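Enquirer: So that you have it, the file is my_file_21.pdb, and it contains PDB, C-alpha atoms:
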```pdb
ATOM      1  CA  MET I   1     -10.070  52.972  59.200
ATOM      2  CA  PHE I   2      -8.594  52.201  55.738
ATOM      3  CA  GLU I   3     -10.421  48.817  55.519
ATOM      4  CA  ASN I   4     -10.965  49.284  51.789
ATOM      5  CA  ILE I   5      -7.352  49.776  50.772
ATOM      6  CA  ARG I   6      -4.327  47.516  51.105
ATOM      7  CA  ILE I   7      -1.497  49.318  52.933
ATOM      8  CA  ILE I   8       2.077  48.157  52.358
ATOM      9  CA  LEU I   9       5.166  49.429  54.173
ATOM     10  CA  ALA I  10       8.208  49.313  51.877
ATOM     11  CA  SER I  11      10.611  49.078  54.813
ATOM     12  CA  GLY I  12      12.030  46.323  56.976
ATOM     13  CA  SER I  13      12.425  48.730  59.912
ATOM     14  CA  PRO I  14      10.855  47.186  63.034
ATOM     15  CA  ARG I  15      10.498  50.713  64.458
ATOM     16  CA  ARG I  16       8.327  51.881  61.551
ATOM     17  CA  THR I  17       6.166  48.745  61.736
ATOM     18  CA  GLU I  18       5.712  49.238  65.481
ATOM     19  CA  LEU I  19       4.689  52.886  64.992
ATOM     20  CA  LEU I  20       2.036  51.933  62.424
ATOM     21  CA  GLN I  21       0.755  49.085  64.608
ATOM     22  CA  THR I  22       0.557  51.344  67.670
ATOM     23  CA  ALA I  23      -1.352  53.923  65.628
ATOM     24  CA  GLY I  24      -3.833  51.220  64.600
ATOM     25  CA  ILE I  25      -2.869  51.291  60.914
ATOM     26  CA  ALA I  26      -3.067  47.694  59.657
ATOM     27  CA  HIS I  27      -0.416  46.991  57.026
ATOM     28  CA  GLU I  28       1.899  44.405  55.546
ATOM     29  CA  VAL I  29       5.632  44.689  54.933
ATOM     30  CA  ILE I  30       7.337  44.263  51.552
ATOM     31  CA  VAL I  31      10.928  45.458  51.751
ATOM     32  CA  SER I  32      12.072  47.640  48.881
ATOM     33  CA  GLY I  33      14.993  46.638  46.706
ATOM     34  CA  ALA I  34      15.403  50.141  45.263
ATOM     35  CA  ASP I  35      18.825  51.583  44.448
ATOM     36  CA  GLU I  36      19.645  53.924  47.340
ATOM     37  CA  ASP I  37      22.749  55.462  45.774
ATOM     38  CA  VAL I  38      21.743  59.120  45.499
ATOM     39  CA  ARG I  39      24.191  62.005  45.033
ATOM     40  CA  GLU I  40      22.251  64.643  46.915
ATOM     41  CA  GLU I  41      23.551  66.954  49.639
ATOM     42  CA  ASP I  42      20.311  68.598  50.743
ATOM     43  CA  PRO I  43      18.860  66.332  53.467
ATOM     44  CA  ARG I  44      15.202  67.112  52.773
ATOM     45  CA  THR I  45      15.594  66.491  49.041
ATOM     46  CA  LEU I  46      17.561  63.295  49.753
ATOM     47  CA  VAL I  47      14.946  61.683  52.026
ATOM     48  CA  GLU I  48      12.110  62.627  49.683
ATOM     49  CA  GLU I  49      13.961  61.141  46.694
ATOM     50  CA  LEU I  50      14.823  57.909  48.539
ATOM     51  CA  SER I  51      11.321  57.474  49.950
ATOM     52  CA  ALA I  52       9.913  57.887  46.441
ATOM     53  CA  ARG I  53      12.318  55.308  44.989
ATOM     54  CA  LYS I  54      11.414  52.769  47.677
ATOM     55  CA  ALA I  55       7.653  53.227  47.316
ATOM     56  CA  GLN I  56       7.791  53.190  43.508
ATOM     57  CA  GLU I  57       9.901  50.018  43.354
ATOM     58  CA  VAL I  58       7.515  48.029  45.575
ATOM     59  CA  PHE I  59       4.431  49.470  43.852
ATOM     60  CA  GLU I  60       5.706  48.445  40.402
ATOM     61  CA  ARG I  61       6.623  44.979  41.637
ATOM     62  CA  ILE I  62       3.155  44.373  43.104
ATOM     63  CA  GLN I  63       1.339  45.898  40.143
ATOM     64  CA  SER I  64       3.206  43.671  37.680
ATOM     65  CA  GLN I  65       1.985  40.643  39.655
ATOM     66  CA  GLU I  66      -1.487  41.739  40.730
ATOM     67  CA  GLY I  67      -2.604  44.487  38.370
ATOM     68  CA  GLN I  68      -4.841  47.460  39.176
ATOM     69  CA  ARG I  69      -5.799  46.579  42.744
ATOM     70  CA  GLU I  70      -6.567  49.375  45.268
ATOM     71  CA  MET I  71      -3.450  49.786  47.388
ATOM     72  CA  VAL I  72      -0.969  52.250  48.802
ATOM     73  CA  VAL I  73       2.737  51.660  49.336
ATOM     74  CA  ILE I  74       4.498  53.711  52.029
ATOM     75  CA  GLY I  75       8.171  54.435  51.361
ATOM     76  CA  ALA I  76      10.217  56.204  54.046
ATOM     77  CA  ASP I  77      13.776  57.348  54.637
ATOM     78  CA  THR I  78      15.340  59.112  57.620
ATOM     79  CA  VAL I  79      18.633  60.993  57.908
ATOM     80  CA  VAL I  80      20.371  63.058  60.561
ATOM     81  CA  ALA I  81      21.994  66.342  59.494
ATOM     82  CA  CYS I  82      24.600  68.257  61.486
ATOM     83  CA  ASP I  83      26.770  71.159  60.299
ATOM     84  CA  GLY I  84      25.280  70.747  56.847
ATOM     85  CA  LYS I  85      26.542  67.146  56.670
ATOM     86  CA  ILE I  86      24.176  64.208  56.181
ATOM     87  CA  LEU I  87      24.762  61.383  58.647
ATOM     88  CA  GLY I  88      23.427  58.053  57.473
ATOM     89  CA  LYS I  89      24.029  54.691  59.139
ATOM     90  CA  PRO I  90      27.635  54.329  60.397
ATOM     91  CA  GLU I  91      29.963  52.054  58.453
ATOM     92  CA  ASP I  92      31.645  50.698  61.600
ATOM     93  CA  GLU I  93      32.267  51.495  65.275
ATOM     94  CA  GLU I  94      34.806  54.245  64.559
ATOM     95  CA  ASP I  95      32.379  55.919  62.168
ATOM     96  CA  ALA I  96      29.715  55.726  64.890
ATOM     97  CA  PHE I  97      32.148  57.295  67.373
ATOM     98  CA  ARG I  98      32.879  60.158  64.955
ATOM     99  CA  MET I  99      29.158  60.827  64.439
ATOM    100  CA  LEU I 100      28.316  60.759  68.146
ATOM    101  CA  GLN I 101      31.225  63.102  68.918
ATOM    102  CA  MET I 102      29.829  65.492  66.302
ATOM    103  CA  LEU I 103      26.358  65.399  67.928
ATOM    104  CA  SER I 104      27.641  65.824  71.493
ATOM    105  CA  GLY I 105      26.574  68.992  73.313
ATOM    106  CA  ARG I 106      24.551  70.508  70.506
ATOM    107  CA  ALA I 107      21.417  70.387  68.388
ATOM    108  CA  HIS I 108      20.980  68.607  65.063
ATOM    109  CA  HIS I 109      18.192  68.041  62.558
ATOM    110  CA  VAL I 110      16.369  64.816  61.702
ATOM    111  CA  PHE I 111      14.560  64.594  58.372
ATOM    112  CA  THR I 112      12.160  61.838  57.349
ATOM    113  CA  GLY I 113      10.792  61.685  53.820
ATOM    114  CA  VAL I 114       7.620  59.713  53.126
ATOM    115  CA  THR I 115       6.072  58.756  49.790
ATOM    116  CA  LEU I 116       2.639  57.219  49.236
ATOM    117  CA  CYS I 117       2.417  55.493  45.878
ATOM    118  CA  GLY I 118      -0.561  53.428  44.844
ATOM    119  CA  MET I 119      -3.864  52.908  43.092
ATOM    120  CA  THR I 120      -6.986  54.676  44.299
ATOM    121  CA  GLY I 121     -10.229  55.024  42.377
ATOM    122  CA  GLY I 122      -8.637  53.152  39.479
ATOM    123  CA  LYS I 123      -5.863  55.735  39.058
ATOM    124  CA  LYS I 124      -2.217  55.810  40.051
ATOM    125  CA  LYS I 125      -1.434  58.458  42.662
ATOM    126  CA  THR I 126       1.842  59.532  44.271
ATOM    127  CA  VAL I 127       2.319  61.921  47.196
ATOM    128  CA  THR I 128       5.680  62.836  48.770
ATOM    129  CA  PHE I 129       6.282  64.915  51.893
ATOM    130  CA  SER I 130       8.885  65.321  54.637
ATOM    131  CA  GLU I 131       9.128  66.343  58.267
ATOM    132  CA  GLU I 132      11.986  67.990  60.149
ATOM    133  CA  SER I 133      12.654  67.740  63.896
ATOM    134  CA  LEU I 134      15.388  69.273  66.048
ATOM    135  CA  VAL I 135      17.177  67.142  68.653
ATOM    136  CA  HIS I 136      19.318  68.542  71.478
ATOM    137  CA  VAL I 137      22.031  66.197  72.782
ATOM    138  CA  ALA I 138      23.794  66.685  76.118
ATOM    139  CA  GLU I 139      27.594  66.772  76.349
ATOM    140  CA  LEU I 140      28.916  63.209  75.995
ATOM    141  CA  THR I 141      32.147  61.899  77.503
ATOM    142  CA  GLU I 142      34.333  59.541  75.493
ATOM    143  CA  GLU I 143      33.408  56.691  77.849
ATOM    144  CA  GLU I 144      29.680  57.378  77.412
ATOM    145  CA  ILE I 145      30.106  57.205  73.636
ATOM    146  CA  ARG I 146      32.205  54.002  73.810
ATOM    147  CA  SER I 147      29.713  52.400  76.200
ATOM    148  CA  TYR I 148      26.818  53.191  73.878
ATOM    149  CA  ILE I 149      28.687  51.793  70.862
ATOM    150  CA  ARG I 150      29.430  48.571  72.791
ATOM    151  CA  SER I 151      25.675  48.065  73.155
ATOM    152  CA  GLY I 152      25.528  47.573  69.369
ATOM    153  CA  GLU I 153      22.531  49.886  69.171
ATOM    154  CA  PRO I 154      24.037  52.658  66.982
ATOM    155  CA  LEU I 155      25.230  50.540  64.076
ATOM    156  CA  ASP I 156      21.971  50.243  62.117
ATOM    157  CA  LYS I 157      20.664  53.757  62.797
ATOM    158  CA  ALA I 158      20.978  57.052  60.958
ATOM    159  CA  GLY I 159      23.255  59.373  62.927
ATOM    160  CA  ALA I 160      24.440  56.400  65.032
ATOM    161  CA  TYR I 161      21.703  56.595  67.652
ATOM    162  CA  GLY I 162      18.116  55.597  68.356
ATOM    163  CA  ILE I 163      16.121  58.082  70.417
ATOM    164  CA  GLN I 164      13.794  55.339  71.664
ATOM    165  CA  GLY I 165      16.685  53.213  73.004
ATOM    166  CA  SER I 166      19.227  53.716  75.783
ATOM    167  CA  PHE I 167      20.491  56.898  74.070
ATOM    168  CA  MET I 168      17.343  58.656  75.355
ATOM    169  CA  LYS I 169      19.202  59.569  78.556
ATOM    170  CA  HIS I 170      21.471  61.846  76.497
ATOM    171  CA  VAL I 171      18.661  63.702  74.711
ATOM    172  CA  SER I 172      18.055  66.975  76.560
ATOM    173  CA  GLY I 173      15.211  68.211  74.370
ATOM    174  CA  ILE I 174      13.414  67.971  71.041
ATOM    175  CA  GLU I 175      11.503  70.389  68.855
ATOM    176  CA  GLY I 176       8.945  68.980  66.431
ATOM    177  CA  ASP I 177       7.534  65.485  65.960
ATOM    178  CA  TYR I 178       9.153  62.850  68.216
ATOM    179  CA  PHE I 179       7.898  59.997  66.018
ATOM    180  CA  ASN I 180       9.599  61.612  63.027
ATOM    181  CA  ILE I 181      12.891  61.070  64.867
ATOM    182  CA  VAL I 182      12.013  57.406  65.475
ATOM    183  CA  GLY I 183      11.470  57.042  61.711
ATOM    184  CA  LEU I 184       7.899  57.937  60.702
ATOM    185  CA  PRO I 185       5.915  61.181  61.224
ATOM    186  CA  VAL I 186       2.750  59.274  62.132
ATOM    187  CA  SER I 187       0.279  62.170  62.467
ATOM    188  CA  HIS I 188       1.253  63.706  59.116
ATOM    189  CA  LEU I 189       1.204  60.246  57.502
ATOM    190  CA  TYR I 190      -2.266  59.482  58.900
ATOM    191  CA  ARG I 191      -3.685  62.703  57.432
ATOM    192  CA  GLU I 192      -2.061  61.978  54.055
ATOM    193  CA  LEU I 193      -3.438  58.405  54.068
ATOM    194  CA  LYS I 194      -6.954  59.741  54.710
ATOM    195  CA  ASP I 195      -6.633  62.123  51.753
ATOM    196  CA  PHE I 196      -5.060  59.423  49.581
ATOM    197  CA  SER I 197      -7.788  56.865  50.106
ATOM    198  CA  GLY I 198     -10.604  59.430  50.462
TER     199      GLY I 198
END
```
Using structure tokens, write down the structure that the file contains.

Expert:
Amino acid sequence: MFENIRIILASGSPRRTELLQTAGIAHEVIVSGADEDVREEDPRTLVEELSARKAQEVFERIQSQEGQREMVVIGADTVVACDGKILGKPEDEEDAFRMLQMLSGRAHHVFTGVTLCGMTGGKKKTVTFSEESLVHVAELTEEEIRSYIRSGEPLDKAGAYGIQGSFMKHVSGIEGDYFNIVGLPVSHLYRELKDFSG
């Protein structure tokens, strides 16, 4: 599948690469250098805007070097939203503690925005979409939060946790696409890639 088009992931996230590999979607990684400073308070709009910036920046860089070659760049961005507040990656351990306390004993939303930007049939094409999942977290004690922070796992993750890591024992339920929470809504992306390169 997709043998005739070059697929590039504009993200250095090992989780996103692993999801694509597991799904059998051959790709290469070129990390985006896009400006991620966006003043946007709606989480869905934010992730769509950031995914578009990332995909566009890598697409333009490749096109300036290689011209009109058939390709698609995948840009993605994930945020956690709780009480109407967007939770990105924590700045430090205390920020991680604050976020995890906020998530304890309740449900929150995870949004991932994805943009496909590339050349197909000799024309530039851009498609942006997003997915939303709901995550239920069990009540956390202070020691459970501190122990998780000591593992180092929360510090590079939106909302200060990774559902596929040791935090999974605190997740009491999810609604929606699990892989969206990991960082890439694979089924939706696969369908969009088929349409894009069709």

Enquirer: If I take CA of Glu192 (chain I) and CA of Gly121 (chain I), how far is one from the other in Å, to one decimal?

Expert: 15.9 Å

Enquirer: Here is a test: counting only C-alpha atoms, which residue of I:Asp156, I:Asp42, I:Asp37, I:Glu60 is nearest to Pro14 (chain I)?

Expert: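 Looking at the shortest contact to Pro14 (chain I), the residue is I:Asp156.
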
Enquirer: Applied to this file, what does the PyMOL selection byres ((chain I and resi 99) around 8) return in terms of residues, put as a ChimeraX atom specification?

Expert: /I:87,90,95-98,100-103,159-160

Enquirer: Hey, which of I:Ala81, I:Ile145, I:Ala26, I:Val127 ends up closest to Arg191 (chain I)? Count all atoms listed in the file.

Expert: I:Val127

Enquirer: What does the PyMOL selection byres ((chain I and resi 166-177) around 10) select in this file, as a PyMOL selection string?

Expert: chain I and resi 104-110+131-140+144-145+148+151+153-154+160-165+178-182+184-188

Enquirer: Work out how far apart CA of Arg16 (chain I) and CA of Arg69 (chain I) are and give it in Å to one decimal.

Expert: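 We find that CA of Arg16 (chain I) and CA of Arg69 (chain I) lie 24.1 Å from each other.
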
Enquirer: Near Arg53 (chain I), counting all atoms listed in the file, which residues have an atom at most 12 Å away, once you skip same-chain residues fewer than 2 positions from it, shown as number ranges by chain?

Expert: I: 10-11, 32-38, 46-51, 55-60, 73-77, 113-117, 126, 128

Enquirer: Residues near Thr17 (chain I), anyone? I mean within 10 Å using only C-alpha atoms, not counting same-chain ones fewer than 3 positions away, as a list of chain:residue names.

Expert: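 The neighbour list is I:Leu9, I:Ser11, I:Gly12, I:Ser13, I:Pro14, I:Leu20, I:Gln21, I:Thr22, I:Ala23, I:Ile25, I:Ala26, I:His27, I:Glu28, I:Val29, I:Gly183, I:Leu184.
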
Enquirer: Can you measure CA of Asp83 (chain I) to CA of Ala158 (chain I) for me? One decimal in Å is fine.

Expert: 15.3 Å

Enquirer: Taking the file as shown, what set of residues would the PyMOL selection byres ((chain I and resi 198) around 10) give back, as a PyMOL selection string?

Expert: chain I and resi 2+120-121+192-197

Enquirer: Which one is closest to Arg61 (chain I): I:Pro43, I:Glu142, I:Gly118, I:Arg15? Count only C-alpha atoms.

Expert: I:Gly118
